[in-house]
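Trainee: For reference, this is start21.pdb, and it has PDB, C-alpha atoms.
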MODEL        1
ATOM      1  CA  MET A 173     113.917  69.353 147.202
ATOM      2  CA  PHE A 174     110.818  71.485 146.742
ATOM      3  CA  ILE A 175     110.055  72.848 143.299
ATOM      4  CA  LYS A 176     107.448  75.499 143.062
ATOM      5  CA  LYS A 177     105.380  75.260 139.924
ATOM      6  CA  LYS A 178     104.759  78.475 138.127
ATOM      7  CA  LYS A 179     101.151  79.279 137.637
ATOM      8  CA  LYS A 180     100.249  79.601 134.024
ATOM      9  CA  LYS A 181      98.883  82.965 133.201
ATOM     10  CA  LYS A 182      95.663  82.848 131.337
ATOM     11  CA  LYS A 183      96.144  84.120 127.813
ATOM     12  CA  LYS A 184      94.283  87.311 127.182
ATOM     13  CA  ALA A 185      92.575  87.449 123.840
ATOM     14  CA  LYS A 186      94.398  89.749 121.466
ATOM     15  CA  PHE A 187      91.315  91.826 120.815
ATOM     16  CA  GLU A 188      91.065  93.035 124.401
ATOM     17  CA  SER A 189      93.587  95.773 123.672
ATOM     18  CA  PHE A 190      91.758  96.681 120.492
ATOM     19  CA  HIS A 191      90.156  99.856 121.755
ATOM     20  CA  GLN A 192      93.579 101.517 121.705
ATOM     21  CA  ASN A 193      94.666 100.854 118.152
ATOM     22  CA  GLY A 194      91.865  99.490 115.930
ATOM     23  CA  VAL A 195      93.921  96.394 115.085
ATOM     24  CA  ILE A 196      92.816  92.866 115.876
ATOM     25  CA  ASP A 197      95.382  90.119 115.391
ATOM     26  CA  LEU A 198      93.804  86.690 115.718
ATOM     27  CA  SER A 199      96.434  84.962 113.600
ATOM     28  CA  ASN A 200      97.223  81.308 114.205
ATOM     29  CA  GLN A 201      94.718  80.908 117.030
ATOM     30  CA  ASN A 202      93.008  77.915 115.362
ATOM     31  CA  TYR A 203      89.542  79.316 115.836
ATOM     32  CA  ALA A 204      86.995  76.822 114.503
ATOM     33  CA  THR A 205      84.305  79.507 114.423
ATOM     34  CA  PHE A 206      84.382  83.270 114.269
ATOM     35  CA  PRO A 207      84.956  84.738 117.768
ATOM     36  CA  THR A 208      81.749  86.585 118.581
ATOM     37  CA  GLU A 209      83.537  88.739 121.153
ATOM     38  CA  ILE A 210      84.813  91.021 118.408
ATOM     39  CA  LEU A 211      81.388  91.735 116.914
ATOM     40  CA  GLN A 212      81.053  94.697 119.271
ATOM     41  CA  TYR A 213      84.194  96.271 117.772
ATOM     42  CA  ALA A 214      83.228  95.842 114.112
ATOM     43  CA  SER A 215      82.568  99.515 113.395
ATOM     44  CA  SER A 216      85.986 100.561 114.753
ATOM     45  CA  ILE A 217      88.344  97.926 113.342
ATOM     46  CA  TYR A 218      90.668  99.048 110.586
ATOM     47  CA  ARG A 219      92.963  95.993 110.440
ATOM     48  CA  LEU A 220      91.993  92.347 111.018
ATOM     49  CA  ASP A 221      94.408  89.435 110.753
ATOM     50  CA  MET A 222      92.734  86.007 110.706
ATOM     51  CA  THR A 223      95.760  84.207 109.186
ATOM     52  CA  GLY A 224      96.039  80.525 110.016
ATOM     53  CA  ASN A 225      92.502  79.912 111.273
ATOM     54  CA  PRO A 226      91.244  77.098 109.017
ATOM     55  CA  GLY A 227      87.534  77.048 108.404
ATOM     56  CA  VAL A 228      86.697  80.410 109.960
ATOM     57  CA  GLU A 229      84.198  82.427 107.950
ATOM     58  CA  LEU A 230      83.385  86.089 108.295
ATOM     59  CA  PRO A 231      79.732  86.454 109.315
ATOM     60  CA  MET A 232      77.640  88.858 107.271
ATOM     61  CA  ASN A 233      76.488  90.720 110.398
ATOM     62  CA  PHE A 234      80.156  91.418 111.146
ATOM     63  CA  THR A 235      81.282  92.558 107.683
ATOM     64  CA  GLN A 236      78.245  94.816 107.238
ATOM     65  CA  ASN A 237      79.379  96.795 110.272
ATOM     66  CA  CYS A 238      83.081  96.967 109.382
ATOM     67  CA  ILE A 239      82.856 100.450 107.911
ATOM     68  CA  LEU A 240      86.522 101.323 108.603
ATOM     69  CA  LEU A 241      88.168  97.978 107.835
ATOM     70  CA  SER A 242      90.931  98.664 105.341
ATOM     71  CA  GLU A 243      93.240  95.658 105.817
ATOM     72  CA  LEU A 244      92.183  92.012 105.996
ATOM     73  CA  SER A 245      94.298  88.865 106.023
ATOM     74  CA  LEU A 246      92.674  85.485 105.462
ATOM     75  CA  SER A 247      95.909  83.768 104.497
ATOM     76  CA  LYS A 248      96.399  80.086 105.394
ATOM     77  CA  CYS A 249      92.710  79.598 106.221
ATOM     78  CA  GLU A 250      92.253  76.652 103.839
ATOM     79  CA  LEU A 251      89.613  78.618 101.940
ATOM     80  CA  GLN A 252      88.187  76.931  98.864
ATOM     81  CA  VAL A 253      85.957  79.885  98.000
ATOM     82  CA  VAL A 254      86.246  83.584  98.693
ATOM     83  CA  PRO A 255      83.727  84.416 101.438
ATOM     84  CA  ALA A 256      80.748  86.259  99.936
ATOM     85  CA  SER A 257      80.422  88.357 103.092
ATOM     86  CA  MET A 258      83.783  89.945 102.331
ATOM     87  CA  PHE A 259      82.326  92.017  99.537
ATOM     88  CA  LYS A 260      80.462  94.184 102.033
ATOM     89  CA  LEU A 261      83.878  95.575 103.026
ATOM     90  CA  SER A 262      83.739  98.707 100.901
ATOM     91  CA  SER A 263      86.729 100.409 102.608
ATOM     92  CA  LEU A 264      89.140  97.513 102.017
ATOM     93  CA  THR A 265      92.507  98.592 100.564
ATOM     94  CA  VAL A 266      94.656  95.549 101.422
ATOM     95  CA  LEU A 267      93.482  91.953 101.076
ATOM     96  CA  ASP A 268      95.566  88.827 101.614
ATOM     97  CA  LEU A 269      94.018  85.575 100.403
ATOM     98  CA  SER A 270      97.339  83.834  99.851
ATOM     99  CA  ASN A 271      98.154  80.246 100.778
ATOM    100  CA  ASN A 272      94.621  78.904 100.456
ATOM    101  CA  ASN A 273      92.919  76.421  98.129
ATOM    102  CA  LEU A 274      91.158  78.910  95.867
ATOM    103  CA  MET A 275      90.472  77.722  92.331
ATOM    104  CA  VAL A 276      88.263  80.646  91.330
ATOM    105  CA  VAL A 277      88.074  84.324  92.119
ATOM    106  CA  PRO A 278      84.401  85.342  92.011
ATOM    107  CA  PRO A 279      83.273  88.199  89.738
ATOM    108  CA  TYR A 280      82.087  90.239  92.700
ATOM    109  CA  MET A 281      85.758  90.743  93.654
ATOM    110  CA  GLY A 282      85.454  93.712  91.294
ATOM    111  CA  LEU A 283      83.251  95.423  93.905
ATOM    112  CA  LEU A 284      86.280  96.066  96.109
ATOM    113  CA  ILE A 285      87.122  99.161  94.095
ATOM    114  CA  TYR A 286      89.447 100.731  96.677
ATOM    115  CA  LEU A 287      91.836  97.769  96.835
ATOM    116  CA  LYS A 288      95.455  98.851  96.467
ATOM    117  CA  LYS A 289      97.148  95.567  97.339
ATOM    118  CA  LEU A 290      95.825  92.077  96.590
ATOM    119  CA  GLN A 291      97.723  88.912  97.448
ATOM    120  CA  LEU A 292      96.477  85.724  95.807
ATOM    121  CA  ARG A 293      99.747  83.761  95.731
ATOM    122  CA  ASN A 294      99.906  80.026  96.418
ATOM    123  CA  ASN A 295      96.407  79.070  95.324
ATOM    124  CA  PHE A 296      95.117  77.096  92.334
ATOM    125  CA  LEU A 297      93.840  79.934  90.146
ATOM    126  CA  LYS A 298      93.655  79.385  86.386
ATOM    127  CA  ASN A 299      91.999  82.654  85.423
ATOM    128  CA  ILE A 300      90.793  86.010  86.717
ATOM    129  CA  PRO A 301      87.261  87.316  86.078
ATOM    130  CA  ASP A 302      86.683  90.242  83.713
ATOM    131  CA  GLU A 303      85.344  92.284  86.632
ATOM    132  CA  PHE A 304      88.919  92.564  87.895
ATOM    133  CA  GLU A 305      89.429  95.538  85.609
ATOM    134  CA  GLN A 306      87.175  97.524  87.983
ATOM    135  CA  LEU A 307      89.976  97.478  90.567
ATOM    136  CA  ARG A 308      91.324 100.786  89.292
ATOM    137  CA  CYS A 309      93.227 101.655  92.496
ATOM    138  CA  LEU A 310      95.167  98.370  92.548
ATOM    139  CA  SER A 311      98.921  98.957  92.573
ATOM    140  CA  ILE A 312     100.217  95.600  93.876
ATOM    141  CA  LEU A 313      98.935  92.265  92.591
ATOM    142  CA  ASP A 314     100.550  88.981  93.587
ATOM    143  CA  LEU A 315      99.358  86.015  91.519
ATOM    144  CA  SER A 316     102.532  83.971  91.978
ATOM    145  CA  ASN A 317     102.457  80.207  92.335
ATOM    146  CA  ASN A 318      99.048  79.539  90.827
ATOM    147  CA  GLN A 319      98.091  77.661  87.663
ATOM    148  CA  LEU A 320      97.844  80.502  85.166
ATOM    149  CA  ASP A 321      98.660  79.532  81.564
ATOM    150  CA  PHE A 322      98.410  83.120  80.337
ATOM    151  CA  LEU A 323      98.226  86.629  81.724
ATOM    152  CA  PRO A 324      94.484  87.278  82.105
ATOM    153  CA  LYS A 325      93.245  90.174  79.981
ATOM    154  CA  PRO A 326      91.693  92.104  82.925
ATOM    155  CA  VAL A 327      95.152  92.349  84.527
ATOM    156  CA  VAL A 328      96.439  94.300  81.531
ATOM    157  CA  GLN A 329      93.629  96.837  82.100
ATOM    158  CA  LEU A 330      94.929  97.657  85.593
ATOM    159  CA  VAL A 331      96.993 100.664  84.547
ATOM    160  CA  THR A 332      97.770 101.680  88.158
ATOM    161  CA  LEU A 333      99.774  98.487  88.806
ATOM    162  CA  THR A 334     103.307  99.135  89.989
ATOM    163  CA  VAL A 335     104.017  95.538  91.089
ATOM    164  CA  LEU A 336     102.754  92.427  89.307
ATOM    165  CA  ASP A 337     104.052  89.015  90.344
ATOM    166  CA  ILE A 338     103.081  86.107  88.106
ATOM    167  CA  SER A 339     106.140  83.968  88.867
ATOM    168  CA  PHE A 340     105.801  80.212  89.286
ATOM    169  CA  ASN A 341     102.854  79.912  86.906
ATOM    170  CA  HIS A 342     102.735  78.392  83.424
ATOM    171  CA  VAL A 343     102.702  81.711  81.544
ATOM    172  CA  CYS A 344     104.797  81.277  78.399
ATOM    173  CA  TYR A 345     104.316  84.697  76.830
ATOM    174  CA  LEU A 346     103.038  88.132  77.702
ATOM    175  CA  PRO A 347     100.351  89.848  75.616
ATOM    176  CA  THR A 348     101.404  92.787  73.475
ATOM    177  CA  ASP A 349      99.130  95.168  75.375
ATOM    178  CA  ILE A 350     101.224  94.661  78.539
ATOM    179  CA  GLY A 351     102.706  97.995  77.461
ATOM    180  CA  LYS A 352      99.564  99.650  78.870
ATOM    181  CA  LEU A 353     100.999  99.052  82.330
ATOM    182  CA  LYS A 354     103.255 102.108  82.218
ATOM    183  CA  GLU A 355     103.557 102.375  86.021
ATOM    184  CA  LEU A 356     104.835  98.789  86.340
ATOM    185  CA  LYS A 357     108.195  98.711  88.114
ATOM    186  CA  LYS A 358     108.455  95.087  89.151
TER     187      LYS A 358
ENDMDL
END
Once more with this new file: its structure as structure tokens, please.
Mentor:
Amino acid sequence: MFIKKKKKKKKKAKFESFHQNGVIDLSNQNYATFPTEILQYASSIYRLDMTGNPGVELPMNFTQNCILLSELSLSKCELQVVPASMFKLSSLTVLDLSNNNLMVVPPYMGLLIYLKKLQLRNNFLKNIPDEFEQLRCLSILDLSNNQLDFLPKPVVQLVTLTVLDISFNHVCYLPTDIGKLKELKK
């Protein structure tokens, strides 16, 4: 009996089709370092998914050129700190930093003033910096499954919030000024 082995097709990198849609999905590729092949596309990317690539950092020379990037996922990357290079992403509207090992959100997170959706669930956060109140466009904030003992004061200043998830934390009471969040639906 003769069995013909199928030739394995070489996997094409997901960013090769980028030029058509501005989306690069590099999720769960286990990149140990940032793939330099996408540097040439930096100025045209509007969505980048790096989910599930532990240890990968965004190089400054990449983020400086990402003038259109509006959505970024760094979920499940085992991050212990928020990459400083990320704060060059002035067009960012959606940011997913969930399922990491973050203990602190740096004050310069407040520089991402166009953020509309921020996912920080499943980390080890105990507080949020005061600069968070600068995120005046934020409508969805997910802080679930962290280590918050109270609702941080800057969150109550985010009057555009429509969704706030603080479930699975240690919050025992809500501050009286939670009433400022008149748009809150969930």
Trainee: Could you work out how far atom CA of Glu243 of chain A lies from atom CA of Phe296 of chain A, giving the answer in Å with one decimal?
Mentor: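 The value is 23.0 Å.
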Trainee: Can you spell out as an MDAnalysis selection string the set of residues that the PyMOL selection byres ((chain A and resi 302) around 9) selects in the structure I just provided?
Mentor: chainID A and resid 279 282 300:301 303:306 324:327
Trainee: With C-alpha atoms retained, export the selected residues as a CSV table (one decimal), in the frame of the given file.
Mentor:
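Okay, selection11.csv is ready:
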chain,number,residue,atom,x,y,z
A,279,PRO,CA,83.3,88.2,89.7
A,282,GLY,CA,85.5,93.7,91.3
A,300,ILE,CA,90.8,86.0,86.7
A,301,PRO,CA,87.3,87.3,86.1
A,303,GLU,CA,85.3,92.3,86.6
A,304,PHE,CA,88.9,92.6,87.9
A,305,GLU,CA,89.4,95.5,85.6
A,306,GLN,CA,87.2,97.5,88.0
A,324,PRO,CA,94.5,87.3,82.1
A,325,LYS,CA,93.2,90.2,80.0
A,326,PRO,CA,91.7,92.1,82.9
A,327,VAL,CA,95.2,92.3,84.5
Trainee: Within 12 Å of segment 224-239 of chain A, counting all atoms listed in the file, which residues qualify if same-chain residues fewer than 3 places away don't, as a short mmCIF file (atom, residue, chain, number, x, y, z; two decimals) with C-alpha atoms, keeping the file's coordinate frame?
Mentor:
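Okay, this is what ended up in result_26.cif:
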data_model
loop_
_atom_site.label_atom_id
_atom_site.label_comp_id
_atom_site.auth_asym_id
_atom_site.auth_seq_id
_atom_site.Cartn_x
_atom_site.Cartn_y
_atom_site.Cartn_z
CA GLY A 194 91.86 99.49 115.93
CA ASP A 197 95.38 90.12 115.39
CA LEU A 198 93.80 86.69 115.72
CA SER A 199 96.43 84.96 113.60
CA ASN A 200 97.22 81.31 114.20
CA GLN A 201 94.72 80.91 117.03
CA ASN A 202 93.01 77.92 115.36
CA TYR A 203 89.54 79.32 115.84
CA ALA A 204 87.00 76.82 114.50
CA THR A 205 84.30 79.51 114.42
CA PHE A 206 84.38 83.27 114.27
CA PRO A 207 84.96 84.74 117.77
CA THR A 208 81.75 86.58 118.58
CA GLU A 209 83.54 88.74 121.15
CA ILE A 210 84.81 91.02 118.41
CA LEU A 211 81.39 91.74 116.91
CA GLN A 212 81.05 94.70 119.27
CA TYR A 213 84.19 96.27 117.77
CA ALA A 214 83.23 95.84 114.11
CA SER A 215 82.57 99.52 113.40
CA SER A 216 85.99 100.56 114.75
CA ILE A 217 88.34 97.93 113.34
CA TYR A 218 90.67 99.05 110.59
CA ARG A 219 92.96 95.99 110.44
CA LEU A 220 91.99 92.35 111.02
CA ASP A 221 94.41 89.44 110.75
CA SER A 242 90.93 98.66 105.34
CA GLU A 243 93.24 95.66 105.82
CA LEU A 244 92.18 92.01 106.00
CA SER A 245 94.30 88.86 106.02
CA LEU A 246 92.67 85.48 105.46
CA SER A 247 95.91 83.77 104.50
CA LYS A 248 96.40 80.09 105.39
CA CYS A 249 92.71 79.60 106.22
CA GLU A 250 92.25 76.65 103.84
CA LEU A 251 89.61 78.62 101.94
CA GLN A 252 88.19 76.93 98.86
CA VAL A 253 85.96 79.89 98.00
CA VAL A 254 86.25 83.58 98.69
CA PRO A 255 83.73 84.42 101.44
CA ALA A 256 80.75 86.26 99.94
CA SER A 257 80.42 88.36 103.09
CA MET A 258 83.78 89.94 102.33
CA PHE A 259 82.33 92.02 99.54
CA LYS A 260 80.46 94.18 102.03
CA LEU A 261 83.88 95.58 103.03
CA SER A 262 83.74 98.71 100.90
CA SER A 263 86.73 100.41 102.61
CA LEU A 264 89.14 97.51 102.02
CA ASP A 268 95.57 88.83 101.61
CA LEU A 269 94.02 85.58 100.40
CA SER A 270 97.34 83.83 99.85
CA ASN A 271 98.15 80.25 100.78
CA ASN A 272 94.62 78.90 100.46
CA ASN A 273 92.92 76.42 98.13
#
Trainee: Go through A:Val343, A:Asp349, A:Leu315, A:Leu333 and flag the residue nearest Leu297 of chain A, using only C-alpha atoms for the distances.
Mentor: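 Of A:Val343, A:Asp349, A:Leu315, A:Leu333, the one nearest Leu297 of chain A is A:Leu315, counting only C-alpha atoms.
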Trainee: Quick one: apply the PyMOL selection byres ((chain A and resi 357) around 8) to the file and drop the selected residues here as JSON, numbers by chain.
Mentor: {"A": [334, 335, 355, 356, 358]}
Trainee: Excluding Leu287 of chain A and residues on its chain fewer than 5 positions from it, collect all residues at most 9 Å away from it, counting all atoms listed in the file, and give them as a count of residues only.
Mentor: 11
Trainee: Ranking A:Val276, A:Val195, A:Tyr286, A:Thr348 by minimum distance to Gln319 of chain A and counting all atoms listed in the file, which one comes first?
Mentor: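 Among the listed residues, the smallest separation from Gln319 of chain A belongs to A:Val276.
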Trainee: For segment 195-203 of chain A, what centre and edge lengths in Å (one decimal) does the axis-aligned box get once 6 Å is added on each side of all its listed atoms, as lines of an AutoDock Vina configuration file?
Mentor:
center_x = 93.4
center_y = 87.2
center_z = 115.3
size_x = 19.7
size_y = 30.5
size_z = 15.4
Trainee: Quote the spacing between atom CA of Ile196 of chain A and atom CA of Leu240 of chain A in Å to one decimal place.
Mentor: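 About the pair atom CA of Ile196 of chain A and atom CA of Leu240 of chain A: they are 12.8 Å apart.
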Trainee: Can you work out which one of A:Asn318, A:Leu323, A:Leu241, A:Gln291 has the shortest atom-to-atom distance to Tyr345 of chain A, counting all atoms listed in the file?
Mentor: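 Closest candidate: A:Leu323.
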Trainee: Calculate how many Å separate atom CA of Asn341 of chain A from atom CA of Arg293 of chain A, rounding to one decimal.
Mentor: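 It comes out at 10.1 Å.
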